[in-house]
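Visitor: Supplied structure: start_25.pdb, PDB, C-alpha atoms, pLDDT in the B column.
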MODEL        1
ATOM      1  CA  GLN D  22      12.886  13.390   7.791  1.00 51.00           C
ATOM      2  CA  GLN D  23      14.759  13.318   4.490  1.00 59.00           C
ATOM      3  CA  ARG D  24      12.268  15.713   2.902  1.00 62.00           C
ATOM      4  CA  PRO D  25      11.046  17.913   5.770  1.00 67.00           C
ATOM      5  CA  SER D  26       9.056  20.136   3.413  1.00 75.00           C
ATOM      6  CA  TRP D  27       7.009  17.197   2.114  1.00 78.00           C
ATOM      7  CA  ARG D  28       3.510  16.813   3.438  1.00 83.00           C
ATOM      8  CA  THR D  29       2.425  13.269   4.281  1.00 85.00           C
ATOM      9  CA  LEU D  30      -0.848  11.487   4.772  1.00 87.00           C
ATOM     10  CA  CYS D  31      -1.924   8.010   5.796  1.00 89.00           C
ATOM     11  CA  TYR D  32      -5.396   6.571   5.248  1.00 90.00           C
ATOM     12  CA  THR D  33      -5.841   3.196   6.927  1.00 90.00           C
ATOM     13  CA  ASP D  34      -8.490   0.791   8.125  1.00 89.00           C
ATOM     14  CA  TYR D  35      -6.125  -0.547  10.814  1.00 88.00           C
ATOM     15  CA  ASP D  36      -5.594   1.892  13.668  1.00 85.00           C
ATOM     16  CA  GLU D  37      -2.410   0.210  14.886  1.00 85.00           C
ATOM     17  CA  MET D  38      -0.732   1.143  11.577  1.00 82.00           C
ATOM     18  CA  LEU D  39      -0.367   4.695  12.870  1.00 82.00           C
ATOM     19  CA  ASP D  40       1.665   3.390  15.822  1.00 81.00           C
ATOM     20  CA  ALA D  41       4.198   1.934  13.378  1.00 78.00           C
ATOM     21  CA  ILE D  42       4.931   5.228  11.617  1.00 76.00           C
ATOM     22  CA  GLU D  43       7.996   6.989  12.929  1.00 67.00           C
ATOM     23  CA  PRO D  44       8.873   9.463  14.075  1.00 71.00           C
ATOM     24  CA  VAL D  45       5.735  10.157  16.035  1.00 72.00           C
ATOM     25  CA  GLY D  46       4.043  13.193  14.514  1.00 76.00           C
ATOM     26  CA  ALA D  47       5.562  12.567  11.070  1.00 78.00           C
ATOM     27  CA  LEU D  48       2.136  12.545   9.421  1.00 85.00           C
ATOM     28  CA  ASP D  49       0.419  15.758   8.445  1.00 87.00           C
ATOM     29  CA  GLU D  50      -2.866  13.919   7.925  1.00 88.00           C
ATOM     30  CA  ALA D  51      -4.081  10.616   9.325  1.00 89.00           C
ATOM     31  CA  VAL D  52      -7.522   9.118   8.781  1.00 90.00           C
ATOM     32  CA  VAL D  53      -8.672   5.804  10.251  1.00 91.00           C
ATOM     33  CA  HIS D  54     -11.877   3.890   9.560  1.00 92.00           C
ATOM     34  CA  LYS D  55     -11.257   0.695  11.502  1.00 91.00           C
ATOM     35  CA  HIS D  56     -11.924  -2.479   9.489  1.00 90.00           C
ATOM     36  CA  ASP D  57     -13.733  -0.603   6.714  1.00 92.00           C
ATOM     37  CA  GLU D  58     -11.785  -0.513   3.463  1.00 92.00           C
ATOM     38  CA  THR D  59     -14.732   1.062   1.649  1.00 94.00           C
ATOM     39  CA  LYS D  60     -14.901   4.079   3.977  1.00 95.00           C
ATOM     40  CA  ILE D  61     -11.145   4.589   4.006  1.00 94.00           C
ATOM     41  CA  THR D  62     -10.852   4.327   0.219  1.00 95.00           C
ATOM     42  CA  ASN D  63     -13.819   6.637  -0.330  1.00 96.00           C
ATOM     43  CA  ALA D  64     -12.265   9.159   2.058  1.00 95.00           C
ATOM     44  CA  LEU D  65      -8.971   9.140   0.142  1.00 95.00           C
ATOM     45  CA  VAL D  66     -10.733   9.349  -3.233  1.00 96.00           C
ATOM     46  CA  SER D  67     -12.739  12.333  -1.958  1.00 95.00           C
ATOM     47  CA  ARG D  68      -9.545  13.950  -0.655  1.00 93.00           C
ATOM     48  CA  ILE D  69      -7.860  13.543  -4.043  1.00 93.00           C
ATOM     49  CA  LYS D  70     -10.862  14.777  -6.034  1.00 93.00           C
ATOM     50  CA  ALA D  71     -11.274  17.816  -3.770  1.00 92.00           C
ATOM     51  CA  SER D  72      -7.812  19.031  -4.708  1.00 86.00           C
ATOM     52  CA  HIS D  73      -7.720  21.990  -7.064  1.00 76.00           C
ATOM     53  CA  SER D  74      -4.083  21.555  -8.020  1.00 77.00           C
ATOM     54  CA  VAL D  75      -1.097  19.364  -7.308  1.00 77.00           C
ATOM     55  CA  ASP D  76      -0.203  21.823  -4.553  1.00 83.00           C
ATOM     56  CA  ASP D  77      -3.339  20.803  -2.650  1.00 84.00           C
ATOM     57  CA  LEU D  78      -2.150  17.219  -2.208  1.00 85.00           C
ATOM     58  CA  PRO D  79       0.624  15.895   0.002  1.00 84.00           C
ATOM     59  CA  GLU D  80       3.775  14.727  -1.737  1.00 81.00           C
ATOM     60  CA  PHE D  81       3.507  11.321  -0.039  1.00 82.00           C
ATOM     61  CA  MET D  82       0.196   9.495   0.318  1.00 86.00           C
ATOM     62  CA  PHE D  83      -0.107   6.079   1.939  1.00 86.00           C
ATOM     63  CA  LEU D  84      -3.231   3.917   1.689  1.00 90.00           C
ATOM     64  CA  HIS D  85      -3.244   0.864   3.924  1.00 89.00           C
ATOM     65  CA  ILE D  86      -6.007  -1.688   3.353  1.00 91.00           C
ATOM     66  CA  ASP D  87      -5.738  -4.305   6.071  1.00 89.00           C
ATOM     67  CA  ASN D  88      -8.599  -6.658   5.212  1.00 89.00           C
ATOM     68  CA  VAL D  89      -6.487  -8.968   3.041  1.00 87.00           C
ATOM     69  CA  ASP D  90      -3.977  -9.426   5.868  1.00 85.00           C
ATOM     70  CA  ARG D  91      -6.679  -9.783   8.515  1.00 87.00           C
ATOM     71  CA  LEU D  92      -8.457 -12.492   6.534  1.00 86.00           C
ATOM     72  CA  GLY D  93      -5.167 -14.234   5.720  1.00 82.00           C
ATOM     73  CA  HIS D  94      -4.581 -14.601   9.429  1.00 81.00           C
ATOM     74  CA  GLY D  95      -8.210 -15.482  10.121  1.00 83.00           C
ATOM     75  CA  THR D  96      -9.124 -17.867   7.313  1.00 83.00           C
ATOM     76  CA  GLY D  97      -5.713 -18.732   5.888  1.00 77.00           C
ATOM     77  CA  TRP D  98      -3.723 -17.465   2.939  1.00 76.00           C
ATOM     78  CA  GLY D  99      -5.094 -19.110  -0.170  1.00 77.00           C
ATOM     79  CA  SER D 100      -8.621 -19.524   1.209  1.00 81.00           C
ATOM     80  CA  PRO D 101     -11.630 -18.421  -0.896  1.00 89.00           C
ATOM     81  CA  THR D 102     -12.335 -15.605   1.601  1.00 91.00           C
ATOM     82  CA  TYR D 103      -8.747 -14.413   1.274  1.00 86.00           C
ATOM     83  CA  TYR D 104      -9.011 -14.273  -2.526  1.00 89.00           C
ATOM     84  CA  GLU D 105     -12.320 -12.401  -2.278  1.00 94.00           C
ATOM     85  CA  ALA D 106     -10.597  -9.814  -0.059  1.00 92.00           C
ATOM     86  CA  MET D 107      -7.827  -9.466  -2.650  1.00 90.00           C
ATOM     87  CA  THR D 108     -10.452  -8.740  -5.322  1.00 95.00           C
ATOM     88  CA  VAL D 109     -12.018  -6.050  -3.134  1.00 95.00           C
ATOM     89  CA  ALA D 110      -8.603  -4.481  -2.437  1.00 94.00           C
ATOM     90  CA  ASP D 111      -7.861  -4.469  -6.170  1.00 93.00           C
ATOM     91  CA  THR D 112     -11.141  -2.664  -6.829  1.00 96.00           C
ATOM     92  CA  LYS D 113     -10.329  -0.093  -4.131  1.00 95.00           C
ATOM     93  CA  LEU D 114      -6.891   0.516  -5.625  1.00 94.00           C
ATOM     94  CA  GLY D 115      -8.549   1.022  -9.014  1.00 95.00           C
ATOM     95  CA  GLN D 116     -10.779   3.706  -7.481  1.00 96.00           C
ATOM     96  CA  VAL D 117      -7.749   5.580  -6.126  1.00 94.00           C
ATOM     97  CA  LEU D 118      -5.940   5.341  -9.467  1.00 93.00           C
ATOM     98  CA  GLN D 119      -9.040   6.629 -11.256  1.00 95.00           C
ATOM     99  CA  ALA D 120      -9.250   9.575  -8.846  1.00 94.00           C
ATOM    100  CA  LEU D 121      -5.618  10.434  -9.611  1.00 92.00           C
ATOM    101  CA  GLU D 122      -6.433  10.192 -13.322  1.00 92.00           C
ATOM    102  CA  ASP D 123      -9.500  12.414 -12.906  1.00 93.00           C
ATOM    103  CA  VAL D 124      -7.443  15.242 -11.388  1.00 91.00           C
ATOM    104  CA  GLY D 125      -4.587  14.837 -13.872  1.00 88.00           C
ATOM    105  CA  LEU D 126      -2.038  13.360 -11.483  1.00 87.00           C
ATOM    106  CA  ARG D 127      -1.932   9.708 -12.503  1.00 85.00           C
ATOM    107  CA  ALA D 128       0.829  10.264 -15.061  1.00 81.00           C
ATOM    108  CA  ARG D 129       2.953  12.073 -12.433  1.00 81.00           C
ATOM    109  CA  THR D 130       2.508   9.630  -9.564  1.00 83.00           C
ATOM    110  CA  ILE D 131       4.731   6.754  -8.477  1.00 79.00           C
ATOM    111  CA  VAL D 132       2.499   3.927  -7.296  1.00 82.00           C
ATOM    112  CA  LEU D 133       3.768   0.956  -5.330  1.00 80.00           C
ATOM    113  CA  VAL D 134       1.458  -1.895  -4.367  1.00 82.00           C
ATOM    114  CA  VAL D 135       2.996  -4.187  -1.759  1.00 79.00           C
ATOM    115  CA  SER D 136       2.012  -6.579   1.001  1.00 78.00           C
ATOM    116  CA  ASP D 137       3.553  -6.446   4.453  1.00 73.00           C
ATOM    117  CA  HIS D 138       4.494 -10.141   4.613  1.00 75.00           C
ATOM    118  CA  GLY D 139       3.674 -13.552   3.233  1.00 72.00           C
ATOM    119  CA  GLY D 140       2.150 -16.488   5.052  1.00 70.00           C
ATOM    120  CA  SER D 141       2.863 -20.186   5.082  1.00 58.00           C
ATOM    121  CA  LYS D 142       1.896 -22.209   8.144  1.00 48.00           C
ATOM    122  CA  ALA D 143      -0.710 -24.784   7.153  1.00 50.00           C
ATOM    123  CA  ASP D 144      -2.792 -24.675  10.327  1.00 48.00           C
ATOM    124  CA  ALA D 145      -6.157 -23.489   9.036  1.00 42.00           C
ATOM    125  CA  PRO D 146      -8.751 -26.126   8.114  1.00 45.00           C
ATOM    126  CA  ALA D 147      -9.237 -26.867   4.412  1.00 46.00           C
ATOM    127  CA  VAL D 148      -6.292 -24.682   3.398  1.00 44.00           C
ATOM    128  CA  PRO D 149      -3.642 -26.231   1.136  1.00 49.00           C
ATOM    129  CA  PRO D 150      -0.278 -26.970   2.803  1.00 49.00           C
ATOM    130  CA  GLY D 151       1.958 -23.938   2.728  1.00 47.00           C
ATOM    131  CA  HIS D 152      -0.932 -21.472   2.795  1.00 50.00           C
ATOM    132  CA  GLY D 153      -2.086 -21.276   6.401  1.00 54.00           C
ATOM    133  CA  SER D 154      -2.715 -18.368   8.748  1.00 57.00           C
ATOM    134  CA  ASP D 155       0.643 -17.706  10.388  1.00 58.00           C
ATOM    135  CA  HIS D 156       3.736 -15.793   9.281  1.00 56.00           C
ATOM    136  CA  GLY D 157       6.201 -16.548  12.026  1.00 57.00           C
ATOM    137  CA  PHE D 158       8.788 -18.389   9.968  1.00 59.00           C
ATOM    138  CA  ALA D 159      11.895 -16.967   8.309  1.00 63.00           C
ATOM    139  CA  ASP D 160      11.345 -18.767   5.004  1.00 65.00           C
ATOM    140  CA  ASP D 161      10.768 -17.244   1.580  1.00 70.00           C
ATOM    141  CA  ALA D 162       6.996 -17.813   1.747  1.00 68.00           C
ATOM    142  CA  ASN D 163       6.902 -15.457   4.724  1.00 69.00           C
ATOM    143  CA  MET D 164       9.703 -13.047   3.945  1.00 70.00           C
ATOM    144  CA  LEU D 165       9.283 -12.391   0.217  1.00 72.00           C
ATOM    145  CA  VAL D 166       6.437 -10.086  -0.744  1.00 73.00           C
ATOM    146  CA  PRO D 167       4.800  -9.378  -4.078  1.00 73.00           C
ATOM    147  CA  TRP D 168       4.936  -5.802  -5.230  1.00 73.00           C
ATOM    148  CA  VAL D 169       4.018  -3.912  -8.370  1.00 77.00           C
ATOM    149  CA  LEU D 170       5.616  -0.583  -9.198  1.00 74.00           C
ATOM    150  CA  HIS D 171       4.491   1.981 -11.725  1.00 75.00           C
ATOM    151  CA  ALA D 172       6.752   4.963 -12.341  1.00 73.00           C
ATOM    152  CA  PRO D 173       5.593   7.992 -14.358  1.00 74.00           C
ATOM    153  CA  LYS D 174       8.212   7.969 -17.104  1.00 69.00           C
ATOM    154  CA  HIS D 175       8.003   4.230 -17.654  1.00 63.00           C
ATOM    155  CA  SER D 176       5.262   2.653 -19.718  1.00 55.00           C
ATOM    156  CA  SER D 177       5.081  -0.691 -17.982  1.00 55.00           C
ATOM    157  CA  LEU D 178       4.460  -2.063 -14.539  1.00 52.00           C
ATOM    158  CA  TYR D 179       7.269  -3.824 -12.765  1.00 56.00           C
ATOM    159  CA  PRO D 180       5.894  -6.883 -10.958  1.00 57.00           C
ATOM    160  CA  HIS D 181       8.496  -8.422  -8.675  1.00 59.00           C
ATOM    161  CA  VAL D 182       8.928 -10.418  -5.550  1.00 56.00           C
ATOM    162  CA  ARG D 183      11.084  -8.576  -3.035  1.00 59.00           C
ATOM    163  CA  ARG D 184      11.901  -8.416   0.621  1.00 59.00           C
ATOM    164  CA  ASN D 185      10.308  -5.404   2.299  1.00 58.00           C
ATOM    165  CA  TYR D 186      13.664  -3.916   3.238  1.00 55.00           C
ATOM    166  CA  SER D 187      14.507  -3.422  -0.469  1.00 61.00           C
ATOM    167  CA  ILE D 188      11.532  -1.096  -1.018  1.00 62.00           C
ATOM    168  CA  PRO D 189      13.156   2.224   0.065  1.00 63.00           C
ATOM    169  CA  LYS D 190      16.212   1.595  -2.098  1.00 64.00           C
ATOM    170  CA  SER D 191      14.050   0.646  -5.104  1.00 64.00           C
ATOM    171  CA  LEU D 192      11.837   3.737  -4.742  1.00 62.00           C
ATOM    172  CA  ALA D 193      14.875   6.003  -4.406  1.00 65.00           C
ATOM    173  CA  TYR D 194      16.245   4.530  -7.639  1.00 64.00           C
ATOM    174  CA  VAL D 195      12.964   5.089  -9.520  1.00 62.00           C
ATOM    175  CA  ARG D 196      12.716   8.650  -8.200  1.00 62.00           C
ATOM    176  CA  SER D 197      16.240   9.359  -9.465  1.00 63.00           C
ATOM    177  CA  LEU D 198      15.352   7.986 -12.919  1.00 58.00           C
ATOM    178  CA  ASP D 199      12.252  10.145 -13.055  1.00 54.00           C
ATOM    179  CA  GLY D 200      14.002  13.259 -11.784  1.00 55.00           C
ATOM    180  CA  ILE D 201      11.742  13.559  -8.733  1.00 54.00           C
ATOM    181  CA  ALA D 202      13.472  15.559  -6.019  1.00 48.00           C
TER     182      ALA D 202
ENDMDL
END
Please re-express this file's structure in structure tokens.
Guide:
Amino acid sequence: QQRPSWRTLCYTDYDEMLDAIEPVGALDEAVVHKHDETKITNALVSRIKASHSVDDLPEFMFLHIDNVDRLGHGTGWGSPTYYEAMTVADTKLGQVLQALEDVGLRARTIVLVVSDHGGSKADAPAVPPGHGSDHGFADDANMLVPWVLHAPKHSSLYPHVRRNYSIPKSLAYVRSLDGIA
């Protein structure tokens, strides 16, 4: 709503993510491939590579890969399956970044990698204490999230641990530094 002329897209492998985006109808494009991070990533990479200029792409693109979260709940945060899912998500992110590089947009794109929550309840078998499959507690393990930010005019990544509610303020600050309207 702050930038009504901006076009927006969301590519997700979790259909309920679209229900969380407000206001309803705020997305210009939405693509869902339920529980298939490969299909959803390939679709976004194809969308980026099909662009002929920066004008062909939305100003705001959101990729949501749910498998890491799903497996955290299912097998426990810190489980071998969870770490395998993180490796796959990292590979998928690399494919998107390479697509942006291929079309000449990587150097002009703010990228934020963030999780939606932590997890701490030790209730999954063979999972170390503090790394279970629940996130219903208001402690730092649940409320603080890792995020990595790359801004175009800055040469380094900014890895931090933040609360999700600080993300909009942080992105607005980076956009002001980079002169992005």
Visitor: Please expand the PyMOL selection byres ((chain D and resi 53) around 6) into the concrete residues it hits in this file, giving the result as a list in words.
Guide: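 Evaluating the PyMOL selection byres ((chain D and resi 53) around 6) on these coordinates yields Thr33, Asp34, Val52, His54 and Lys55 of chain D.
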Visitor: Please identify all polymer residues within 12 Å of Ser72 (chain D), counting only C-alpha atoms, omitting same-chain residues fewer than 2 positions from it, and present them as a list in words.
Guide: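 My reading of the contact set: Leu65, Val66, Ser67, Arg68, Ile69, Lys70, Ser74, Val75, Asp76, Asp77, Leu78, Pro79, Ala120, Leu121, Asp123, Val124, Gly125 and Leu126 of chain D.
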Visitor: Which distance in Å separates CA of Met38 (chain D) and CA of Leu84 (chain D), to one decimal?
Guide: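 One can read the CA of Met38 (chain D) to CA of Leu84 (chain D) distance as 10.6 Å.
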Visitor: Take the PyMOL selection byres ((chain D and resi 48) around 6), apply it to the structure above, and return the hits as an mmCIF file with C-alpha atoms, in the coordinates of the input.
Guide:
data_model
loop_
_atom_site.group_PDB
_atom_site.id
_atom_site.type_symbol
_atom_site.label_atom_id
_atom_site.label_comp_id
_atom_site.auth_asym_id
_atom_site.auth_seq_id
_atom_site.Cartn_x
_atom_site.Cartn_y
_atom_site.Cartn_z
ATOM 1 C CA THR D 29 2.425 13.269 4.281
ATOM 2 C CA LEU D 30 -0.848 11.487 4.772
ATOM 3 C CA GLY D 46 4.043 13.193 14.514
ATOM 4 C CA ALA D 47 5.562 12.567 11.070
ATOM 5 C CA ASP D 49 0.419 15.758 8.445
ATOM 6 C CA GLU D 50 -2.866 13.919 7.925
#
Visitor: Could you tell me which residues the PyMOL selection byres ((chain D and resi 99-115) around 7) grabs in this file, written as a list of chain:residue names?
Guide: D:Thr62, D:Ile86, D:Asn88, D:Val89, D:Leu92, D:Gly93, D:Thr96, D:Gly97, D:Trp98, D:Gln116, D:Val117, D:Leu118, D:Gln119, D:Val148, D:His152
Visitor: Produce region 85-114 of chain D of the given structure as output with N, CA, C and O atoms, as an mmCIF file, in the first residue's frame.
Guide:
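What landed in result19.cif:
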data_model
loop_
_atom_site.group_PDB
_atom_site.id
_atom_site.type_symbol
_atom_site.label_atom_id
_atom_site.label_comp_id
_atom_site.auth_asym_id
_atom_site.auth_seq_id
_atom_site.Cartn_x
_atom_site.Cartn_y
_atom_site.Cartn_z
ATOM 1 N N HIS D 85 9.181 -18.078 -0.902
ATOM 2 C CA HIS D 85 8.968 -18.747 0.381
ATOM 3 C C HIS D 85 9.192 -20.236 0.181
ATOM 4 O O HIS D 85 8.459 -20.890 -0.549
ATOM 5 N N ILE D 86 10.241 -20.758 0.820
ATOM 6 C CA ILE D 86 10.531 -22.192 0.791
ATOM 7 C C ILE D 86 10.201 -22.738 2.170
ATOM 8 O O ILE D 86 10.865 -22.410 3.152
ATOM 9 N N ASP D 87 9.186 -23.560 2.245
ATOM 10 C CA ASP D 87 8.641 -23.997 3.525
ATOM 11 C C ASP D 87 9.254 -25.285 4.063
ATOM 12 O O ASP D 87 9.083 -25.605 5.235
ATOM 13 N N ASN D 88 9.990 -26.019 3.264
ATOM 14 C CA ASN D 88 10.434 -27.347 3.670
ATOM 15 C C ASN D 88 11.261 -27.341 4.948
ATOM 16 O O ASN D 88 11.144 -28.242 5.774
ATOM 17 N N VAL D 89 12.106 -26.341 5.134
ATOM 18 C CA VAL D 89 12.919 -26.279 6.352
ATOM 19 C C VAL D 89 11.999 -26.181 7.579
ATOM 20 O O VAL D 89 12.176 -26.914 8.553
ATOM 21 N N ASP D 90 11.016 -25.307 7.523
ATOM 22 C CA ASP D 90 10.074 -25.156 8.622
ATOM 23 C C ASP D 90 9.269 -26.432 8.831
ATOM 24 O O ASP D 90 9.109 -26.901 9.963
ATOM 25 N N ARG D 91 8.771 -26.997 7.759
ATOM 26 C CA ARG D 91 7.947 -28.207 7.845
ATOM 27 C C ARG D 91 8.731 -29.342 8.509
ATOM 28 O O ARG D 91 8.217 -30.050 9.378
ATOM 29 N N LEU D 92 9.984 -29.508 8.107
ATOM 30 C CA LEU D 92 10.790 -30.578 8.693
ATOM 31 C C LEU D 92 11.234 -30.242 10.107
ATOM 32 O O LEU D 92 11.423 -31.147 10.936
ATOM 33 N N GLY D 93 11.405 -28.960 10.433
ATOM 34 C CA GLY D 93 11.692 -28.585 11.813
ATOM 35 C C GLY D 93 10.571 -29.012 12.740
ATOM 36 O O GLY D 93 10.810 -29.568 13.816
ATOM 37 N N HIS D 94 9.337 -28.773 12.282
ATOM 38 C CA HIS D 94 8.193 -29.209 13.078
ATOM 39 C C HIS D 94 8.091 -30.729 13.110
ATOM 40 O O HIS D 94 7.743 -31.314 14.130
ATOM 41 N N GLY D 95 8.383 -31.364 11.983
ATOM 42 C CA GLY D 95 8.178 -32.809 11.867
ATOM 43 C C GLY D 95 9.271 -33.658 12.486
ATOM 44 O O GLY D 95 8.985 -34.680 13.119
ATOM 45 N N THR D 96 10.517 -33.268 12.308
ATOM 46 C CA THR D 96 11.625 -34.100 12.798
ATOM 47 C C THR D 96 12.427 -33.415 13.886
ATOM 48 O O THR D 96 13.304 -34.038 14.483
ATOM 49 N N GLY D 97 12.156 -32.146 14.133
ATOM 50 C CA GLY D 97 12.850 -31.402 15.171
ATOM 51 C C GLY D 97 13.947 -30.527 14.613
ATOM 52 O O GLY D 97 14.690 -30.934 13.721
ATOM 53 N N TRP D 98 14.013 -29.292 15.142
ATOM 54 C CA TRP D 98 15.089 -28.389 14.760
ATOM 55 C C TRP D 98 16.398 -28.978 15.269
ATOM 56 O O TRP D 98 16.494 -29.414 16.416
ATOM 57 N N GLY D 99 17.378 -29.016 14.413
ATOM 58 C CA GLY D 99 18.665 -29.598 14.782
ATOM 59 C C GLY D 99 18.801 -31.050 14.379
ATOM 60 O O GLY D 99 19.860 -31.635 14.562
ATOM 61 N N SER D 100 17.759 -31.644 13.805
ATOM 62 C CA SER D 100 17.854 -33.041 13.368
ATOM 63 C C SER D 100 18.624 -33.112 12.048
ATOM 64 O O SER D 100 18.733 -32.121 11.323
ATOM 65 N N PRO D 101 19.185 -34.283 11.712
ATOM 66 C CA PRO D 101 19.884 -34.416 10.421
ATOM 67 C C PRO D 101 18.997 -34.071 9.225
ATOM 68 O O PRO D 101 19.447 -33.429 8.279
ATOM 69 N N THR D 102 17.720 -34.460 9.274
ATOM 70 C CA THR D 102 16.793 -34.151 8.178
ATOM 71 C C THR D 102 16.594 -32.647 8.050
ATOM 72 O O THR D 102 16.519 -32.115 6.942
ATOM 73 N N TYR D 103 16.522 -31.967 9.175
ATOM 74 C CA TYR D 103 16.377 -30.514 9.177
ATOM 75 C C TYR D 103 17.589 -29.860 8.503
ATOM 76 O O TYR D 103 17.439 -28.978 7.654
ATOM 77 N N TYR D 104 18.789 -30.304 8.861
ATOM 78 C CA TYR D 104 19.990 -29.720 8.261
ATOM 79 C C TYR D 104 20.100 -30.041 6.770
ATOM 80 O O TYR D 104 20.568 -29.213 5.983
ATOM 81 N N GLU D 105 19.632 -31.203 6.361
ATOM 82 C CA GLU D 105 19.594 -31.523 4.928
ATOM 83 C C GLU D 105 18.660 -30.559 4.197
ATOM 84 O O GLU D 105 18.969 -30.092 3.099
ATOM 85 N N ALA D 106 17.516 -30.264 4.796
ATOM 86 C CA ALA D 106 16.564 -29.319 4.189
ATOM 87 C C ALA D 106 17.174 -27.921 4.087
ATOM 88 O O ALA D 106 16.937 -27.208 3.096
ATOM 89 N N MET D 107 17.959 -27.529 5.079
ATOM 90 C CA MET D 107 18.633 -26.231 5.021
ATOM 91 C C MET D 107 19.617 -26.187 3.851
ATOM 92 O O MET D 107 19.721 -25.170 3.157
ATOM 93 N N THR D 108 20.320 -27.280 3.610
ATOM 94 C CA THR D 108 21.267 -27.347 2.496
ATOM 95 C C THR D 108 20.536 -27.221 1.168
ATOM 96 O O THR D 108 20.982 -26.498 0.269
ATOM 97 N N VAL D 109 19.395 -27.878 1.042
ATOM 98 C CA VAL D 109 18.600 -27.776 -0.183
ATOM 99 C C VAL D 109 18.109 -26.341 -0.373
ATOM 100 O O VAL D 109 18.199 -25.782 -1.476
ATOM 101 N N ALA D 110 17.603 -25.719 0.687
ATOM 102 C CA ALA D 110 17.121 -24.337 0.591
ATOM 103 C C ALA D 110 18.255 -23.398 0.189
ATOM 104 O O ALA D 110 18.056 -22.485 -0.621
ATOM 105 N N ASP D 111 19.434 -23.616 0.720
ATOM 106 C CA ASP D 111 20.595 -22.803 0.355
ATOM 107 C C ASP D 111 20.916 -22.948 -1.131
ATOM 108 O O ASP D 111 21.195 -21.954 -1.810
ATOM 109 N N THR D 112 20.846 -24.154 -1.630
ATOM 110 C CA THR D 112 21.080 -24.393 -3.063
ATOM 111 C C THR D 112 20.034 -23.672 -3.907
ATOM 112 O O THR D 112 20.362 -23.057 -4.930
ATOM 113 N N LYS D 113 18.784 -23.728 -3.483
ATOM 114 C CA LYS D 113 17.699 -23.061 -4.220
ATOM 115 C C LYS D 113 17.900 -21.543 -4.220
ATOM 116 O O LYS D 113 17.714 -20.887 -5.248
ATOM 117 N N LEU D 114 18.286 -20.989 -3.089
ATOM 118 C CA LEU D 114 18.575 -19.561 -3.035
ATOM 119 C C LEU D 114 19.711 -19.215 -3.993
ATOM 120 O O LEU D 114 19.654 -18.210 -4.702
#
